[in-house]
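*Asks:* One file is attached below, structure28.txt, containing compact mmCIF, C-alpha atoms and all ligand atoms.
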```
# COMPACT_ATOMS: atom_id res chain seq x y z
CA MET A 1124 100.45 78.62 107.89
CA ARG A 1125 101.21 81.65 105.72
CA THR A 1126 102.51 83.52 108.76
CA MET A 1127 104.76 80.59 109.68
CA ILE A 1128 106.24 80.60 106.16
CA GLN A 1129 106.80 84.36 106.43
CA ILE A 1130 108.52 83.95 109.81
CA LEU A 1131 110.73 81.21 108.36
CA GLY A 1132 111.58 83.50 105.42
CA ILE A 1133 112.55 86.32 107.83
CA LEU A 1134 114.77 83.97 109.85
CA ILE A 1135 116.51 82.75 106.68
CA ALA A 1136 116.97 86.34 105.46
CA LEU A 1137 118.36 87.39 108.84
CA ALA A 1138 120.77 84.46 108.86
CA GLY A 1139 121.99 85.16 105.30
CA LEU A 1140 122.34 88.91 105.84
CA SER A 1141 124.09 88.32 109.18
CA VAL A 1142 126.81 86.28 107.49
CA LEU A 1143 127.33 88.81 104.69
CA LEU A 1144 126.98 92.10 106.56
CA TYR A 1145 128.70 91.14 109.81
CA ALA A 1146 131.63 90.02 107.63
CA LEU A 1147 131.69 93.41 105.86
CA GLU A 1148 131.42 95.25 109.19
CA ARG A 1149 134.31 93.25 110.56
CA LEU A 1150 136.48 93.66 107.45
CA PHE A 1151 135.76 97.37 106.70
CA PRO A 1152 134.58 98.99 109.93
CA SER A 1153 133.70 102.69 109.92
CA VAL A 1154 133.64 102.88 113.71
CA ARG A 1155 136.34 100.52 114.96
CA GLY A 1156 135.67 98.39 118.01
CA GLN A 1157 131.88 98.56 117.72
CA PRO A 1158 130.45 95.24 118.95
CA LEU A 1159 128.60 93.19 116.36
CA TRP A 1160 125.82 92.54 118.89
CA ARG A 1161 124.71 95.66 120.75
CA ARG A 1162 122.74 96.17 123.95
CA ASP A 1163 119.69 97.12 121.83
CA SER A 1164 120.12 94.60 119.01
CA ASN A 1165 117.19 92.57 120.40
CA LEU A 1166 114.97 95.63 119.90
CA ASP A 1167 116.02 95.91 116.25
CA VAL A 1168 115.31 92.22 115.65
CA LEU A 1169 111.70 92.87 116.73
CA TYR A 1170 111.43 95.50 113.96
CA TRP A 1171 112.63 92.90 111.46
CA PHE A 1172 109.45 90.96 112.28
CA LEU A 1173 107.16 93.97 112.67
CA THR A 1174 107.97 95.44 109.26
CA PRO A 1175 107.18 92.43 107.01
CA LEU A 1176 104.39 90.96 109.16
CA VAL A 1177 102.48 94.07 110.27
CA THR A 1178 103.70 97.23 108.51
CA ARG A 1179 103.63 95.60 105.09
CA THR A 1180 100.01 94.47 105.65
CA ILE A 1181 99.04 98.04 106.61
CA LEU A 1182 100.90 99.29 103.53
CA LYS A 1183 99.00 96.85 101.28
CA ILE A 1184 95.62 97.96 102.66
CA VAL A 1185 96.46 101.66 102.38
CA SER A 1186 97.88 101.14 98.88
CA LEU A 1187 94.68 99.36 97.81
CA VAL A 1188 92.55 102.24 99.08
CA SER A 1189 94.87 104.70 97.31
CA VAL A 1190 94.58 102.76 94.04
CA VAL A 1191 90.76 102.81 94.24
CA VAL A 1192 90.83 106.56 94.89
CA MET A 1193 93.28 107.04 92.02
CA PHE A 1194 91.05 105.04 89.67
CA ALA A 1195 88.15 107.26 90.58
CA ALA A 1196 90.27 110.41 90.16
CA LEU A 1197 91.76 109.30 86.85
CA ASP A 1198 88.42 107.95 85.64
CA ARG A 1199 89.95 104.70 84.43
CA GLN A 1200 88.37 101.28 84.17
CA GLY A 1201 90.03 97.99 85.01
CA ALA A 1202 93.47 97.47 86.52
CA VAL A 1203 95.44 97.14 83.27
CA PRO A 1204 96.34 100.79 82.59
CA LEU A 1205 97.59 101.32 86.12
CA THR A 1206 99.62 98.12 86.35
CA GLU A 1207 101.21 98.70 82.95
CA GLY A 1208 101.50 102.45 83.24
CA PHE A 1209 99.85 105.06 81.09
CA GLY A 1210 100.41 108.35 79.33
CA PRO A 1211 103.78 109.45 77.90
CA VAL A 1212 105.73 107.29 80.39
CA ALA A 1213 104.17 104.01 79.18
CA SER A 1214 105.16 104.69 75.56
CA GLN A 1215 108.87 105.00 76.37
CA PRO A 1216 111.47 102.20 76.22
CA LEU A 1217 111.96 100.23 79.43
CA TRP A 1218 115.50 101.55 80.11
CA LEU A 1219 114.30 105.16 79.93
CA VAL A 1220 111.31 104.43 82.19
CA SER A 1221 113.73 102.84 84.70
CA VAL A 1222 116.07 105.85 84.69
CA GLU A 1223 113.15 108.26 85.11
CA LEU A 1224 111.66 106.10 87.86
CA PHE A 1225 114.91 106.19 89.89
CA LEU A 1226 115.47 109.93 89.37
CA VAL A 1227 111.92 111.11 90.07
CA GLY A 1228 111.61 108.54 92.87
CA ASP A 1229 114.72 109.96 94.52
CA LEU A 1230 113.45 113.53 94.29
CA ILE A 1231 110.17 112.53 95.93
CA GLY A 1232 112.02 110.37 98.47
CA TYR A 1233 114.33 113.27 99.32
CA TRP A 1234 111.47 115.65 100.11
CA THR A 1235 109.41 113.01 101.93
CA HIS A 1236 112.42 112.27 104.15
CA ARG A 1237 113.09 115.98 104.69
CA TRP A 1238 109.42 116.40 105.55
CA PHE A 1239 109.85 113.86 108.36
CA HIS A 1240 112.55 116.09 109.86
CA GLN A 1241 110.03 118.87 110.34
CA ARG A 1242 108.24 119.63 113.59
CA ARG A 1243 105.03 117.64 113.15
CA LEU A 1244 106.48 114.39 111.84
CA TRP A 1245 109.84 114.35 113.58
CA LYS A 1246 108.71 112.17 116.48
CA PHE A 1247 107.75 109.37 114.07
CA HIS A 1248 111.13 109.63 112.34
CA ALA A 1249 113.10 110.09 115.58
CA VAL A 1250 112.51 106.38 116.26
CA HIS A 1251 114.64 105.55 113.19
CA HIS A 1252 117.31 108.01 114.34
CA SER A 1253 117.41 106.66 117.89
CA SER A 1254 120.14 104.04 117.29
CA THR A 1255 123.27 105.24 119.04
CA ARG A 1256 125.40 102.49 117.52
CA LEU A 1257 124.42 102.36 113.89
CA ASP A 1258 124.73 99.10 111.99
CA TRP A 1259 122.85 97.07 109.34
CA LEU A 1260 120.46 95.57 111.90
CA SER A 1261 119.20 99.03 112.91
CA ALA A 1262 118.14 99.83 109.31
CA LEU A 1263 114.63 98.47 109.89
CA ARG A 1264 114.07 100.39 113.12
CA VAL A 1265 111.35 102.49 111.53
CA HIS A 1266 108.02 103.48 113.07
CA PRO A 1267 105.16 101.91 111.03
CA VAL A 1268 103.65 105.34 110.27
CA ASN A 1269 107.03 106.58 109.00
CA ASP A 1270 107.49 103.40 106.97
CA VAL A 1271 104.01 103.42 105.39
CA VAL A 1272 104.00 107.15 104.55
CA SER A 1273 107.55 107.23 103.15
CA LYS A 1274 106.79 104.28 100.85
CA LEU A 1275 103.24 105.26 99.94
CA VAL A 1276 103.86 108.92 99.01
CA PRO A 1277 106.47 108.17 96.28
CA ALA A 1278 104.50 105.13 95.05
CA VAL A 1279 101.22 107.06 94.68
CA LEU A 1280 102.85 110.11 93.05
CA LEU A 1281 104.83 107.92 90.63
CA ALA A 1282 101.72 105.87 89.78
CA CYS A 1283 99.84 109.13 89.10
CA LEU A 1284 102.63 110.13 86.70
CA GLY A 1285 102.01 106.91 84.75
CA PHE A 1286 104.79 104.64 86.00
CA PRO A 1287 103.72 100.95 86.00
CA VAL A 1288 102.72 99.69 89.44
CA GLN A 1289 104.79 96.51 88.99
CA ALA A 1290 107.92 98.56 88.37
CA LEU A 1291 107.14 100.63 91.48
CA ALA A 1292 106.87 97.46 93.59
CA GLY A 1293 110.30 96.35 92.32
CA TYR A 1294 111.74 99.81 93.02
CA VAL A 1295 110.49 99.75 96.65
CA VAL A 1296 111.91 96.25 97.27
CA LEU A 1297 115.30 97.20 95.79
CA LEU A 1298 115.43 100.38 97.84
CA THR A 1299 114.57 98.48 101.03
CA PHE A 1300 117.44 96.02 100.54
CA TYR A 1301 119.92 98.74 99.58
CA THR A 1302 118.90 100.72 102.67
CA ILE A 1303 120.14 97.85 104.86
CA LEU A 1304 123.65 98.24 103.42
CA LEU A 1305 123.51 102.05 103.83
CA HIS A 1306 123.22 101.67 107.62
CA ALA A 1307 125.98 99.09 107.96
CA ASN A 1308 129.08 100.01 109.96
CA VAL A 1309 131.10 99.86 106.75
CA ASP A 1310 133.68 102.41 105.68
CA TRP A 1311 132.65 102.66 102.03
CA SER A 1312 132.29 106.06 100.41
CA TYR A 1313 132.62 104.88 96.75
CA GLY A 1314 135.48 107.30 95.97
CA PRO A 1315 134.80 109.29 92.79
CA LEU A 1316 131.21 108.01 92.72
CA ARG A 1317 130.56 109.55 96.14
CA TYR A 1318 128.37 112.27 94.61
CA VAL A 1319 126.46 109.85 92.39
CA VAL A 1320 125.51 106.79 94.46
CA ALA A 1321 124.60 106.83 98.15
CA SER A 1322 127.18 104.96 100.22
CA PRO A 1323 127.16 103.73 103.83
CA VAL A 1324 129.38 106.73 104.78
CA PHE A 1325 126.90 109.12 103.10
CA HIS A 1326 123.90 107.79 105.02
CA ARG A 1327 125.76 107.35 108.30
CA TRP A 1328 126.47 111.11 108.24
CA HIS A 1329 122.70 111.57 108.07
CA HIS A 1330 122.39 109.74 111.41
CA THR A 1331 125.10 111.64 113.25
CA THR A 1332 124.52 113.88 116.27
CA GLU A 1333 127.69 115.83 115.47
CA GLU A 1334 126.57 119.38 114.75
CA HIS A 1335 128.18 119.90 111.35
CA GLY A 1336 126.44 116.76 110.04
CA LEU A 1337 122.92 117.45 111.30
CA ASN A 1338 120.06 117.42 108.80
CA LYS A 1339 122.19 116.41 105.83
CA ASN A 1340 122.10 113.67 103.20
CA PHE A 1341 118.37 113.05 102.85
CA ALA A 1342 118.49 111.42 99.40
CA PRO A 1343 117.63 107.69 99.30
CA LEU A 1344 119.97 106.82 96.41
CA PHE A 1345 121.55 109.83 94.71
CA PRO A 1346 123.73 112.28 96.69
CA PHE A 1347 123.59 114.81 93.85
CA VAL A 1348 120.00 115.52 94.92
CA ASP A 1349 121.42 116.74 98.24
CA LEU A 1350 124.03 118.74 96.33
CA LEU A 1351 121.19 120.33 94.38
CA PHE A 1352 119.31 121.39 97.50
CA GLY A 1353 122.34 122.31 99.62
CA THR A 1354 122.17 119.49 102.16
CA PHE A 1355 125.14 117.36 101.05
CA PHE A 1356 127.76 116.58 103.69
CA MET A 1357 130.51 113.99 103.33
CA PRO A 1358 134.00 115.37 103.95
CA ASN A 1359 136.91 113.24 102.80
CA ARG A 1360 138.72 111.06 105.34
CA GLN A 1361 136.35 112.14 108.10
CA ARG A 1362 133.79 109.75 109.56
CA PRO A 1363 130.82 110.22 111.91
CA GLU A 1364 131.29 108.59 115.30
CA ARG A 1365 128.30 109.67 117.35
CA PHE A 1366 124.73 108.73 116.41
CA GLY A 1367 121.23 109.12 117.79
CA THR A 1368 118.95 112.10 118.37
CA ASN A 1369 119.85 115.35 120.08
CA THR A 1370 116.33 116.47 120.75
CA ALA A 1371 113.92 113.58 121.10
CA GLU A 1372 114.16 111.28 124.07
CA VAL A 1373 113.01 108.12 122.37
CA PRO A 1374 112.21 105.23 124.75
CA GLU A 1375 114.41 102.16 124.57
CA THR A 1376 111.55 99.65 124.66
CA PHE A 1377 109.71 98.34 121.61
CA LEU A 1378 106.22 99.32 122.80
CA GLY A 1379 107.53 102.64 124.11
CA GLN A 1380 108.90 103.50 120.66
CA LEU A 1381 105.65 102.56 118.91
CA LEU A 1382 103.65 104.79 121.25
CA PHE A 1383 106.24 107.59 121.46
CA PRO A 1384 104.93 109.77 118.57
CA PHE A 1385 101.41 109.71 120.02
CA ARG A 1386 102.41 110.85 123.47
CA THR A 1387 102.16 114.51 124.38
CA ASN A 1388 105.40 116.43 124.72
CA LYS A 1389 104.84 116.75 128.45
CA ALA A 1390 104.40 113.03 128.89
CA ALA A 1391 107.26 112.18 126.57
CA GLY A 1392 109.72 114.31 128.47
CA ARG A 1393 112.00 117.25 127.86
CA GLY A 1394 113.13 118.49 124.47
CA VAL A 1395 110.94 116.47 122.16
CA ALA A 1396 109.78 119.38 120.03
CA GLY A 1397 111.41 118.27 116.86
CA SER A 1398 114.36 117.73 114.59
CA PRO A 1399 117.65 119.36 115.65
CA ALA A 1400 117.38 122.23 113.19
CA LEU A 1401 113.68 122.63 112.82
CA ASP A 1402 113.59 126.40 113.22
CA VAL A 1403 116.35 127.04 110.73
CA ALA A 1404 115.89 128.25 107.16
CA PRO A 1405 116.97 125.87 104.36
CA ALA A 1406 120.61 125.85 103.38
CA THR A 1407 121.50 127.78 100.26
CA CYS A 1408 124.83 126.27 99.20
CA PHE A 1409 123.44 125.70 95.73
CA LEU A 1410 122.85 129.42 95.28
CA ASP A 1411 125.99 130.54 97.06
CA PRO A 1412 128.13 132.67 94.65
CA GLU A 1413 131.24 130.91 95.98
CA THR A 1414 129.98 127.60 94.66
CA ARG A 1415 129.91 128.78 91.04
CA ASN A 1416 133.52 127.70 90.79
CA VAL A 1417 132.76 123.99 90.62
CA ARG A 1418 136.30 122.80 91.32
CA ALA A 1419 136.63 125.01 94.40
CA TRP A 1420 133.21 123.89 95.48
CA ILE A 1421 134.15 120.18 95.28
CA GLU A 1422 137.37 120.85 97.23
CA LYS A 1423 135.32 122.64 99.84
CA LEU A 1424 132.88 119.72 100.07
CA ASP A 1425 135.70 117.20 100.48
CA ALA A 1426 137.61 119.10 103.14
CA PRO A 1427 137.39 117.69 106.68
CA ARG A 1428 135.53 120.11 108.93
CA SER A 1429 134.58 120.82 112.46
CA ALA A 1430 132.02 123.49 111.61
CA PRO A 1431 129.60 124.24 108.74
CA THR A 1432 131.15 126.01 105.79
CA CYS A 1433 128.15 126.53 103.54
CA HIS A 1434 126.48 129.88 103.36
CA ARG A 1435 123.61 130.22 105.77
CA PRO A 1436 120.89 132.87 105.79
CA PRO A 1437 121.38 135.43 108.55
CA ILE A 1438 119.41 134.87 111.70
CA SER A 1439 117.26 137.81 112.82
CA ARG A 1440 118.13 139.95 115.84
CA LYS A 1441 114.81 138.99 117.40
CA ALA A 1442 115.59 135.31 116.98
CA ARG A 1443 119.05 135.80 118.45
CA ALA A 1444 117.51 137.35 121.52
CA LYS A 1445 115.50 134.22 122.18
CA LYS A 1446 117.51 131.84 124.25
CA SER A 1447 115.56 128.89 122.96
CA VAL A 1448 116.58 129.45 119.35
CA ARG A 1449 119.34 127.15 118.22
CA VAL A 1450 122.38 128.23 116.27
CA PRO A 1451 121.50 127.39 112.68
CA VAL A 1452 123.22 124.38 111.22
CA GLU A 1453 122.41 124.85 107.54
CA ALA A 1454 119.39 122.62 107.34
CA ASP A 1455 115.67 122.67 107.32
ZN ZN B 1501 116.28 111.10 108.68
ZN ZN B 1502 118.60 105.74 108.11
```
What does the file become when written as structure tokens?
Ligand SMILES: [Zn+2]
Ligand SMILES: [Zn+2]
*Replies:*
Amino acid sequence: MRTMIQILGILIALAGLSVLLYALERLFPSVRGQPLWRRDSNLDVLYWFLTPLVTRTILKIVSLVSVVVMFAALDRQGAVPLTEGFGPVASQPLWLVSVELFLVGDLIGYWTHRWFHQRRLWKFHAVHHSSTRLDWLSALRVHPVNDVVSKLVPAVLLACLGFPVQALAGYVVLLTFYTILLHANVDWSYGPLRYVVASPVFHRWHHTTEEHGLNKNFAPLFPFVDLLFGTFFMPNRQRPERFGTNTAEVPETFLGQLLFPFRTNKAAGRGVAGSPALDVAPATCFLDPETRNVRAWIEKLDAPRSAPTCHRPPISRKARAKKSVRVPVEAD
């Protein structure tokens, strides 16, 4: 009975979001002419059922285990301190706790996401990047392991810092809904707020296979976190048009995608080693002497480009000699 109610809730949510987001995609398209219903839209609909019905259950169980472990580690009794927060955070006014929660949550979210672009975890995350025609429906195409880990890591770390568990639950729900908009085929960059709040254009650059946009824009909500770590990319009046993965041949079937990260490289096919820039040192735009002139830096960020312009660490002669080494594209 409970499952039936959940399925009904998903169908209602899908219907409501379809009306709203298909209208936005039709009125403000980023990629013009993209069909509202794609060849692989059926696949994405399956994820809309997998995530709330299965992944969320796994997340609840893992969260419960984490809470028990945290209680033991923090030597606390009863659930009250953890649900209401503790330490210096709990004594602050609600507005300040909220601001801190969003800022610290984004920092943790940034590095968790960037972590999934590294060699070992890339195959889990490649499933999310496998949509070649990005729209709102593809937002929930996330492997359960990717989904559980990327929600659990920030939640556990924030709970350990003393943030109330109830506030964390609200934060995760809000982020999930906002993420749906970020994937929509909508040409919104938020103008002067482009560096402050993540927009659909900001996150769609993260999904591009175009070389100058690879491994950029990891932040869940605040682009200035990417500015801080040298991975921001959102040139003015330029939009990404190609999406997907350059390196991982992700299957197009639902079961194939769920099993994909567990298959050996040989079985999974050619070129599945990892994220497009996995052997490249982190970008250093933030420390680049040229960027100390803030105005010039902003102009440089806004300029349309066909190649990376940020400073990149030199690649060694030995690495150059290796044919397999990619040309660095200013990312991790
Ligand atoms: Zn990613
Ligand atoms: Zn995404």
*Asks:* Got a sec: who's within 10 Å of Ala1249 of chain A, counting all atoms listed in the file, leaving out chain neighbours fewer than 5 positions off, as a PDB file with C-alpha atoms, in the coordinates of the input?
*Replies:*
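around_25.pdb written:
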```
ATOM      1  CA  PHE A1239     109.850 113.860 108.360  1.00  0.00           C
ATOM      2  CA  HIS A1240     112.550 116.090 109.860  1.00  0.00           C
ATOM      3  CA  LEU A1244     106.480 114.390 111.840  1.00  0.00           C
ATOM      4  CA  SER A1254     120.140 104.040 117.290  1.00  0.00           C
ATOM      5  CA  VAL A1265     111.350 102.490 111.530  1.00  0.00           C
ATOM      6  CA  HIS A1266     108.020 103.480 113.070  1.00  0.00           C
ATOM      7  CA  ASN A1269     107.030 106.580 109.000  1.00  0.00           C
ATOM      8  CA  GLY A1367     121.230 109.120 117.790  1.00  0.00           C
ATOM      9  CA  THR A1368     118.950 112.100 118.370  1.00  0.00           C
ATOM     10  CA  ASN A1369     119.850 115.350 120.080  1.00  0.00           C
ATOM     11  CA  THR A1370     116.330 116.470 120.750  1.00  0.00           C
ATOM     12  CA  ALA A1371     113.920 113.580 121.100  1.00  0.00           C
ATOM     13  CA  GLU A1372     114.160 111.280 124.070  1.00  0.00           C
ATOM     14  CA  VAL A1373     113.010 108.120 122.370  1.00  0.00           C
ATOM     15  CA  GLN A1380     108.900 103.500 120.660  1.00  0.00           C
ATOM     16  CA  PHE A1383     106.240 107.590 121.460  1.00  0.00           C
ATOM     17  CA  PRO A1384     104.930 109.770 118.570  1.00  0.00           C
ATOM     18  CA  VAL A1395     110.940 116.470 122.160  1.00  0.00           C
ATOM     19  CA  GLY A1397     111.410 118.270 116.860  1.00  0.00           C
ATOM     20  CA  SER A1398     114.360 117.730 114.590  1.00  0.00           C
TER      21      SER A1398
END
```
*Asks:* Determine, for each residue of chain A having at least one atom at most 10 Å from an atom of ligand ZN 1501 (chain B), the closest pair of atoms and their separation in Å to one decimal, counting all atoms listed in the file; order by chain and ascending number, as a tab-separated table.
*Replies:*
```
residue	atom	partner	partner_atom	distance
A:Tyr1233	CA	B:ZN1501	ZN	9.8
A:Thr1235	CA	B:ZN1501	ZN	9.8
A:His1236	CA	B:ZN1501	ZN	6.1
A:Arg1237	CA	B:ZN1501	ZN	7.1
A:Trp1238	CA	B:ZN1501	ZN	9.2
A:Phe1239	CA	B:ZN1501	ZN	7.0
A:His1240	CA	B:ZN1501	ZN	6.3
A:Trp1245	CA	B:ZN1501	ZN	8.7
A:His1248	CA	B:ZN1501	ZN	6.5
A:Ala1249	CA	B:ZN1501	ZN	7.7
A:Val1250	CA	B:ZN1501	ZN	9.7
A:His1251	CA	B:ZN1501	ZN	7.3
A:His1252	CA	B:ZN1501	ZN	6.5
A:His1326	CA	B:ZN1501	ZN	9.1
A:His1329	CA	B:ZN1501	ZN	6.5
A:His1330	CA	B:ZN1501	ZN	6.8
A:Thr1331	CA	B:ZN1501	ZN	9.9
A:Leu1337	CA	B:ZN1501	ZN	9.6
A:Asn1338	CA	B:ZN1501	ZN	7.4
A:Lys1339	CA	B:ZN1501	ZN	8.4
A:Asn1340	CA	B:ZN1501	ZN	8.4
A:Phe1341	CA	B:ZN1501	ZN	6.5
A:Ala1342	CA	B:ZN1501	ZN	9.5
A:Ser1398	CA	B:ZN1501	ZN	9.1
```
*Asks:* Could you please determine the separation between atom CA of Ser1153 of chain A and atom CA of Asn1308 of chain A in Å, to one decimal place?
*Replies:*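 Computing it gives 5.3 Å between the two atoms.
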*Asks:* Kindly provide, as a list in words, the polymer residues lying within 10 Å of (126.9, 93.8, 107.2), counting all atoms listed in the file and using the coordinates exactly as they appear in the file.
*Replies:* Leu1140, Ser1141, Val1142, Leu1143, Leu1144, Tyr1145, Ala1146, Leu1147, Glu1148, Arg1149, Leu1150, Phe1151, Pro1152, Leu1159, Asp1258, Trp1259, Leu1260, Ile1303, Leu1304, Leu1305, His1306, Ala1307, Asn1308 and Val1309 of chain A
*Asks:* In terms of the shortest atom-to-atom distance over only C-alpha atoms, which of A:Val1154, A:Cys1283, A:Leu1137, A:Met1127 is closest to Arg1362 of chain A?
*Replies:*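 When distances to Arg1362 of chain A are compared using only C-alpha atoms, the smallest one comes from A:Val1154.
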*Asks:* Name all residues at most 7 Å from segment 1230-1232 of chain A (count only C-alpha atoms; drop same-chain ones fewer than 5 positions away) and give them as an MDAnalysis selection string.
*Replies:* chainID A and resid 1277 1342:1343 1348
*Asks:* Which of these, A:Thr1387, A:Leu1344, A:Val1279, A:Val1227, has the shortest distance to Val1188 of chain A once you count all atoms listed in the file?
*Replies:*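 Closest to Val1188 of chain A, using all atoms listed in the file: A:Val1279.
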*Asks:* If we count all atoms listed in the file, what is near segment 1284-1287 of chain A at a cut-off of 7 Å, once residues fewer than 2 positions away on the same chain are taken out, given as a PDB file with C-alpha atoms, in the frame of the given file?
*Replies:*
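So out_29.pdb came out as:
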```
ATOM      1  CA  LEU A1205      97.590 101.320  86.120  1.00  0.00           C
ATOM      2  CA  THR A1206      99.620  98.120  86.350  1.00  0.00           C
ATOM      3  CA  GLU A1207     101.210  98.700  82.950  1.00  0.00           C
ATOM      4  CA  GLY A1208     101.500 102.450  83.240  1.00  0.00           C
ATOM      5  CA  PHE A1209      99.850 105.060  81.090  1.00  0.00           C
ATOM      6  CA  GLY A1210     100.410 108.350  79.330  1.00  0.00           C
ATOM      7  CA  VAL A1212     105.730 107.290  80.390  1.00  0.00           C
ATOM      8  CA  ALA A1213     104.170 104.010  79.180  1.00  0.00           C
ATOM      9  CA  LEU A1280     102.850 110.110  93.050  1.00  0.00           C
ATOM     10  CA  LEU A1281     104.830 107.920  90.630  1.00  0.00           C
ATOM     11  CA  ALA A1282     101.720 105.870  89.780  1.00  0.00           C
ATOM     12  CA  GLN A1289     104.790  96.510  88.990  1.00  0.00           C
ATOM     13  CA  ALA A1290     107.920  98.560  88.370  1.00  0.00           C
ATOM     14  CA  LEU A1291     107.140 100.630  91.480  1.00  0.00           C
TER      15      LEU A1291
END
```
*Asks:* So how far away is atom CA of Arg1360 of chain A from atom CA of Pro1315 of chain A, in Å?
*Replies:*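 Result for atom CA of Pro1315 of chain A versus atom CA of Arg1360 of chain A: 13.3 Å, one decimal.
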*Asks:* Between A:Thr1255, A:Asp1425, A:Phe1385, A:Val1276, which has the minimum distance to ligand ZN 1502 (chain B) (counting all atoms listed in the file)?
*Replies:* A:Thr1255
*Asks:* Figure out the distance between atom CA of Val1320 of chain A and atom CA of Phe1345 of chain A, please, to one decimal in Å.
*Replies:*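 Calculated distance between atom CA of Phe1345 of chain A and atom CA of Val1320 of chain A is 5.0 Å.
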*Asks:* Measuring atom to atom with only C-alpha atoms, identify which of A:Ala1278, A:Leu1316, A:Ile1133, A:Met1193 is nearest to Pro1175 of chain A.
*Replies:*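 Looking at the shortest contact to Pro1175 of chain A, the residue is A:Ile1133.
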*Asks:* Rank A:Ala1262, A:Leu1176, A:Leu1217, A:Leu1378 by their smallest atom-to-atom distance to ligand ZN 1502 (chain B), using all atoms listed in the file, and report the top residue only.
*Replies:*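 Of all the options, A:Ala1262 lies closest to ligand ZN 1502 (chain B).
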*Asks:* Pick from A:Ala1195, A:Leu1131, A:Ala1321, A:Ala1138: nearest to ligand ZN 1502 (chain B), with only C-alpha atoms and all ligand atoms counted?
*Replies:*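 Comparing A:Ala1195, A:Leu1131, A:Ala1321, A:Ala1138 against ligand ZN 1502 (chain B), the winner is A:Ala1321.
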